[in-house]
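> One structure, pasted below without further comment.
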Number of protein chains: 6
Amino acid sequence: MENNTRYASGLRTMEELFPQEVRNGMKEMKNISPDLWEMIVAFGFGDLYSRKTLSLAQREIVTITTLITQGAFDQLKVHLHGALKVGLTKEEIIEIIIHCIGYVGFPKAVQAMGIAGEIFKETE
Amino acid sequence: MENNTRYASGLRTMEELFPQEVRNGMKEMKNISPDLWEMIVAFGFGDLYSRKTLSLAQREIVTITTLITQGAFDQLKVHLHGALKVGLTKEEIIEIIIHCIGYVGFPKAVQAMGIAGEIFKETE
Amino acid sequence: MENNTRYASGLRTMEELFPQEVRNGMKEMKNISPDLWEMIVAFGFGDLYSRKTLSLAQREIVTITTLITQGAFDQLKVHLHGALKVGLTKEEIIEIIIHCIGYVGFPKAVQAMGIAGEIFKETE
Amino acid sequence: MENNTRYASGLRTMEELFPQEVRNGMKEMKNISPDLWEMIVAFGFGDLYSRKTLSLAQREIVTITTLITQGAFDQLKVHLHGALKVGLTKEEIIEIIIHCIGYVGFPKAVQAMGIAGEIFKETE
Amino acid sequence: MENNTRYASGLRTMEELFPQEVRNGMKEMKNISPDLWEMIVAFGFGDLYSRKTLSLAQREIVTITTLITQGAFDQLKVHLHGALKVGLTKEEIIEIIIHCIGYVGFPKAVQAMGIAGEIFKETE
Amino acid sequence: MENNTRYASGLRTMEELFPQEVRNGMKEMKNISPDLWEMIVAFGFGDLYSRKTLSLAQREIVTITTLITQGAFDQLKVHLHGALKVGLTKEEIIEIIIHCIGYVGFPKAVQAMGIAGEIFKETE
């Protein structure tokens with residue numbers, strides 16, 4: 001796959017994943033570092049998210065889990081929007097966070113649940 | 001749910017999740033600390049894994065992801081056996097690891113893939 | 001110990017540990033996820049904090065140290081209130097943070113000390 | 001090297017590293033814990049940063065990288081000022097962050113790049 | 001405190017903390033990097049461990065907790081010997097590990113308990 | 001840059017970076033997951049390491065630092081070979097590890113120095 005194709009494929013996957021408004025926020029990175037932006041789209045969403053074998057909903061289960069585990073709560077907000085858009089329910093998201101207690105302890109689970117509560121309110 | 005019930009429910013879920021041999025290995029913890037063992041079974045597998053809303057296969061996606069992210073590679077071995085037993089395919093497991101590259105970088109993905117390769121060989 | 005007992009025991013330990021105001025803040029989690037709240041109380045404060053062998057002051061030494069190490073600074077605030085309530089002195093808390101330098105480096109120690117400074121002012 | 005010398009040497013290195021304003025901000029720690037402050041200066045900047053073999057610019061490459069990797073973004077701000085002062089260019093700093101993608105994933109790289117963008121604006 | 005004094009004070013504290021055999025193992029670092037060794041003794045055990053306000057037993061509670069949290073299991077072995085030497089009981093060490101479940105999850109607690117089990121056997 | 005070019009560029013950079021023997025070891029990944037291998041080469045060494053602005057020696061300073069910080073000691077071995085090959089001296093590598101003490105604490109620095117000691121012996 002040529003690079004233009006990788007980038008185009010990444011953009012298409014981002015449209016499936018995120019509401020317009022969330023994508024606009026992400027795109028601000030393009031002004032700070034066009035190279036980082038290109039890699040996010042072409043590698044992150046093109047090479048990784050556009051692969052087969054796992055659905056986008058399954059990929060968001062992976063993404064949400066790794067973000068909780070590493071304490072990347074700003075990115076968690078973005079991907080909770082993504083998770084809801086590709087069909088995970090609020091109940092499933094809550095369940096992922098609860099399952100994580102046994103692997104990361106309460107502090108990160110509590111932090112994640114607080115953020116999920118906010119996003120759920122916004123998107124009601 | 002009373003504690004005996006929580007423990008019994010955890011044991012049942014462990015039987016669904018892990019081959020006998022793997023469970024025997026885990027049970028060695030009972031000799032070192034019976035209290036930790038009781039919590040693993042009653043809280044970990046009883047309260048957490050026995051909940052509804054997510055299937056055991058989905059729960060293993062969460063588990064594998066958090067273990068890769070925190071570099072808990074000994075536990076990853078155990079749960080790769082679990083993942084295969086509850087129906088994740090080798091292709092899906094490989095795909096989870098590849099998806100993680102964008103979130104944890106290559107070193108942990110490479111480490112995890114090496115371990116997956118070993119487990120896949122053992123279970124062929 | 002039956003579940004009602006575990007929950008009741010957790011609530012009692014929380015009363016020993018935290019001032020009313022701090023507990024009210026924690027309880028907001030009940031609205032977002034009653035199940036997470038139940039686990040915090042029954043497992044976290046019931047099964048873990050209510051055990052013997054270590055005093056609550058010793059338990060807060062463990063808690064403060066793990067929170068600093070994992071960079072969970074929001075939870076650190078909560079447990080600095082707890083630590084003071086169960087009898088750790090400001091000098092001892094400062095000393096825990098300084099001891100951690102050798103294990104987590106300056107950035108987390110500096111972050112933790114800044115937060116301790118705020119809490120100490122509030123509670124003067 | 002006697003302790004007074006270690007402290008004096010640390011102060012000199014801090015003057016080389018940070019603009020006056022940044023040093024003033026750091027010095028607030030002296031009021032919260034004079035002992036932590038003494039160790040920051042005598043050990044951190046005296047014993048470590050004042051050593052030979054690596055230039056201050058090379059040391060800031062190390063520092064920025066470890067701060068990104070551990071998600072210590074408040075300290076990253078401080079050391080981006082330091083990095084610019086000892087001669088790293090904006091292009092080099094952006095390049096360090098991009099190189100890190102392969103080792104820590106996108107979330108921390110994006111977070112770091114956002115902060116770098118802010119600091120670059122302030123210092124234009 | 002002059003540097004010779006810091007080093008001497010570190011050595012004295014190490015004698016209180018570790019059995020001869022453990023100290024011999026640690027001292028191998030002196031051959032690889034005499035400078036790192038000097039800092040371990042003068043800063044780590046001299047400046048940090050030799051301070052007042054916390055007892056050596058309390059300091060080992062902090063140390064064991066941070067090592068479990070960051071997954072530094074080789075160093076955990078060393079400090080479990082230290083913890084036993086300065087008076088923590090096996091029951092207290094087990095209790096620290098169990099308390100940590102709520103903050104770091106099961107994988108690190110299980111790993112730590114396995115190591116504690118080995119050390120306890122060796123020192124019986 | 002088309003994908004074949006990215007892959008070819010990655011292979012060229014790997015030749016500059018690693019001795020033949022080390023590359024052979026890395027290439028075993030190709031048998032477990034050809035897709036992960038392709039990404040390591042095309043994205044990791046092609047898109048990231050082959051960029052300008054930083055020299056390969058500077059890139060290895062970044063790499064070594066992030067690996068120490070995240071405790072990825074198996075990968076550290078590989079990149080210590082790389083660091084020596086692209087011109088970092090043993091003294092500089094030791095100095096990077098010592099600088100890290102202030103940011104990650106002694107346990108990871110000690111672990112890294114032990115590994116560096118082994119690699120230095122092998123390559124004498």
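As shown in the structure tokens, the chain order sets the letters A, B, ...; within each chain, residues go from 1, and ligands are also counted from 1 in the order they appear.
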With 9 Å as the cut-off and only C-alpha atoms counted, what is the closest atom pair between each nearby residue of chain D and chain B? Distances in Å to one decimal, ordered by chain and number, as a Markdown table.

```
| residue | atom | partner | partner_atom | distance |
| --- | --- | --- | --- | --- |
| D:Cys100 | CA | B:Gly105 | CA | 8.3 |
| D:Ile101 | CA | B:Gly105 | CA | 6.5 |
| D:Gly102 | CA | B:Gly105 | CA | 4.7 |
| D:Tyr103 | CA | B:Gly105 | CA | 4.1 |
| D:Val104 | CA | B:Gly105 | CA | 4.6 |
| D:Gly105 | CA | B:Tyr103 | CA | 4.1 |
| D:Phe106 | CA | B:Tyr103 | CA | 5.8 |
| D:Pro107 | CA | B:Tyr103 | CA | 6.5 |
| D:Lys108 | CA | B:Tyr103 | CA | 8.5 |
```
> Store the residues of this selection in a file with N, CA, C and O atoms, as a PDB file, in the first residue's frame.

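Written out: result.pdb:
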```
ATOM      1  N   CYS D 100      10.060   9.017  19.929  1.00  0.00           N
ATOM      2  CA  CYS D 100       9.467   8.287  21.065  1.00  0.00           C
ATOM      3  C   CYS D 100       8.210   7.509  20.692  1.00  0.00           C
ATOM      4  O   CYS D 100       7.847   6.552  21.403  1.00  0.00           O
ATOM      5  N   ILE D 101       7.523   7.887  19.618  1.00  0.00           N
ATOM      6  CA  ILE D 101       6.295   7.163  19.233  1.00  0.00           C
ATOM      7  C   ILE D 101       6.530   5.649  19.228  1.00  0.00           C
ATOM      8  O   ILE D 101       5.720   4.881  19.750  1.00  0.00           O
ATOM      9  N   GLY D 102       7.631   5.234  18.641  1.00  0.00           N
ATOM     10  CA  GLY D 102       7.918   3.809  18.524  1.00  0.00           C
ATOM     11  C   GLY D 102       8.175   3.126  19.856  1.00  0.00           C
ATOM     12  O   GLY D 102       8.189   1.900  19.942  1.00  0.00           O
ATOM     13  N   TYR D 103       8.375   3.921  20.909  1.00  0.00           N
ATOM     14  CA  TYR D 103       8.721   3.335  22.212  1.00  0.00           C
ATOM     15  C   TYR D 103       7.652   3.534  23.276  1.00  0.00           C
ATOM     16  O   TYR D 103       7.605   2.774  24.241  1.00  0.00           O
ATOM     17  N   VAL D 104       6.829   4.560  23.118  1.00  0.00           N
ATOM     18  CA  VAL D 104       5.796   4.803  24.133  1.00  0.00           C
ATOM     19  C   VAL D 104       4.405   4.894  23.527  1.00  0.00           C
ATOM     20  O   VAL D 104       3.414   4.988  24.266  1.00  0.00           O
ATOM     21  N   GLY D 105       4.299   4.860  22.206  1.00  0.00           N
ATOM     22  CA  GLY D 105       2.995   4.967  21.566  1.00  0.00           C
ATOM     23  C   GLY D 105       2.546   6.402  21.364  1.00  0.00           C
ATOM     24  O   GLY D 105       3.212   7.336  21.804  1.00  0.00           O
ATOM     25  N   PHE D 106       1.397   6.569  20.695  1.00  0.00           N
ATOM     26  CA  PHE D 106       0.917   7.906  20.340  1.00  0.00           C
ATOM     27  C   PHE D 106       0.412   8.742  21.518  1.00  0.00           C
ATOM     28  O   PHE D 106       0.634   9.947  21.534  1.00  0.00           O
ATOM     29  N   PRO D 107      -0.288   8.167  22.500  1.00  0.00           N
ATOM     30  CA  PRO D 107      -0.898   9.052  23.503  1.00  0.00           C
ATOM     31  C   PRO D 107       0.118   9.962  24.197  1.00  0.00           C
ATOM     32  O   PRO D 107      -0.088  11.174  24.275  1.00  0.00           O
ATOM     33  N   LYS D 108       1.228   9.410  24.655  1.00  0.00           N
ATOM     34  CA  LYS D 108       2.219  10.241  25.335  1.00  0.00           C
ATOM     35  C   LYS D 108       2.923  11.188  24.361  1.00  0.00           C
ATOM     36  O   LYS D 108       3.279  12.309  24.725  1.00  0.00           O
TER      37      LYS D 108
END
```
> Which residues are close to range 46-53 of chain A, i.e. within 7 Å by only C-alpha atoms, leaving aside same-chain residues fewer than 4 positions away? Reply as number ranges by chain.
A: 6-7, 9-10, 13, 41-42; B: 92, 95, 99
> Write a file of the selected residues as a short mmCIF file (atom, residue, chain, number, x, y, z; two decimals), in the first residue's frame, keeping C-alpha atoms.

```
data_model
loop_
_atom_site.label_atom_id
_atom_site.label_comp_id
_atom_site.auth_asym_id
_atom_site.auth_seq_id
_atom_site.Cartn_x
_atom_site.Cartn_y
_atom_site.Cartn_z
CA ARG A 6 -2.24 4.68 3.85
CA TYR A 7 -3.15 8.25 4.72
CA SER A 9 -7.29 4.79 4.53
CA GLY A 10 -6.51 6.32 7.92
CA THR A 13 -11.26 4.93 9.46
CA VAL A 41 -3.33 9.14 10.37
CA ALA A 42 -1.22 6.92 8.11
CA GLU B 92 -7.15 -12.33 16.89
CA GLU B 95 -4.06 -8.65 16.05
CA HIS B 99 -3.01 -2.92 17.65
#
```
> What are the DSSP alpha helix (DSSP H) residues of range 7-118 of chain C, as an NGL selection string?
:C and (7-17 or 20-27 or 29-32 or 34-39 or 56-70 or 73-85 or 90-104 or 106-118)
> So which one's closest to Lys90 in chain A, B:Val78, B:Leu54, B:Met26, B:Ile119? Using only C-alpha atoms, please.
B:Leu54
> Do a neighbour search on Lys27 in chain A at 12 Å with only C-alpha atoms, toss out local chain neighbours closer than 3 positions, and write the hits as an mmCIF file with C-alpha atoms, in the first residue's frame.

```
data_model
loop_
_atom_site.group_PDB
_atom_site.id
_atom_site.type_symbol
_atom_site.label_atom_id
_atom_site.label_comp_id
_atom_site.auth_asym_id
_atom_site.auth_seq_id
_atom_site.Cartn_x
_atom_site.Cartn_y
_atom_site.Cartn_z
ATOM 1 C CA LEU A 11 -8.803 9.290 7.261
ATOM 2 C CA MET A 14 -11.178 8.103 11.557
ATOM 3 C CA PHE A 18 -15.030 9.706 15.653
ATOM 4 C CA GLN A 20 -16.815 15.393 13.326
ATOM 5 C CA GLU A 21 -16.262 17.576 16.392
ATOM 6 C CA VAL A 22 -13.815 15.144 17.977
ATOM 7 C CA ARG A 23 -11.879 14.875 14.703
ATOM 8 C CA ASN A 24 -11.629 18.644 14.513
ATOM 9 C CA LYS A 30 -1.476 19.230 12.311
ATOM 10 C CA ASN A 31 -0.490 22.835 13.075
ATOM 11 C CA ILE A 32 2.034 21.920 15.778
ATOM 12 C CA SER A 33 3.690 19.022 13.969
ATOM 13 C CA PRO A 34 2.479 18.049 10.483
ATOM 14 C CA LEU A 36 3.275 13.665 13.840
ATOM 15 C CA TRP A 37 -0.194 14.254 12.361
ATOM 16 C CA GLU A 38 0.755 12.319 9.222
ATOM 17 C CA ILE A 40 -1.195 9.390 13.498
ATOM 18 C CA VAL A 41 -3.334 9.141 10.375
ATOM 19 C CA VAL D 110 0.631 13.620 21.372
ATOM 20 C CA GLY D 114 0.856 19.640 22.626
#
```
> CA of Leu80 in chain B to CA of Ile64 in chain B: how many Å, to one decimal?
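It comes out at 7.3 Å.
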> Which residues are near Thr123 in chain A? Cut-off 10 Å, only C-alpha atoms, ignore same chain within fewer than 5 positions. Put them as a list in words.
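Residues meeting the cut-off are His81, Leu84 and Glu118 of chain A.
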> Rounded to one decimal in Å, what is the spacing between CA of Val62 in chain D and CA of Pro19 in chain D?
19.5 Å
> Which residues are near Leu76 in chain C? Cut-off 9 Å, only C-alpha atoms, ignore same chain within fewer than 6 positions. Put them as an MDAnalysis selection string.
chainID C and resid 63:64 67:68 112 115:116
> Please compute the CA of Lys77 in chain E-CA of Phe73 in chain B distance, one decimal, in Å.
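Atom-to-atom, CA of Lys77 in chain E to CA of Phe73 in chain B, that is 18.7 Å.
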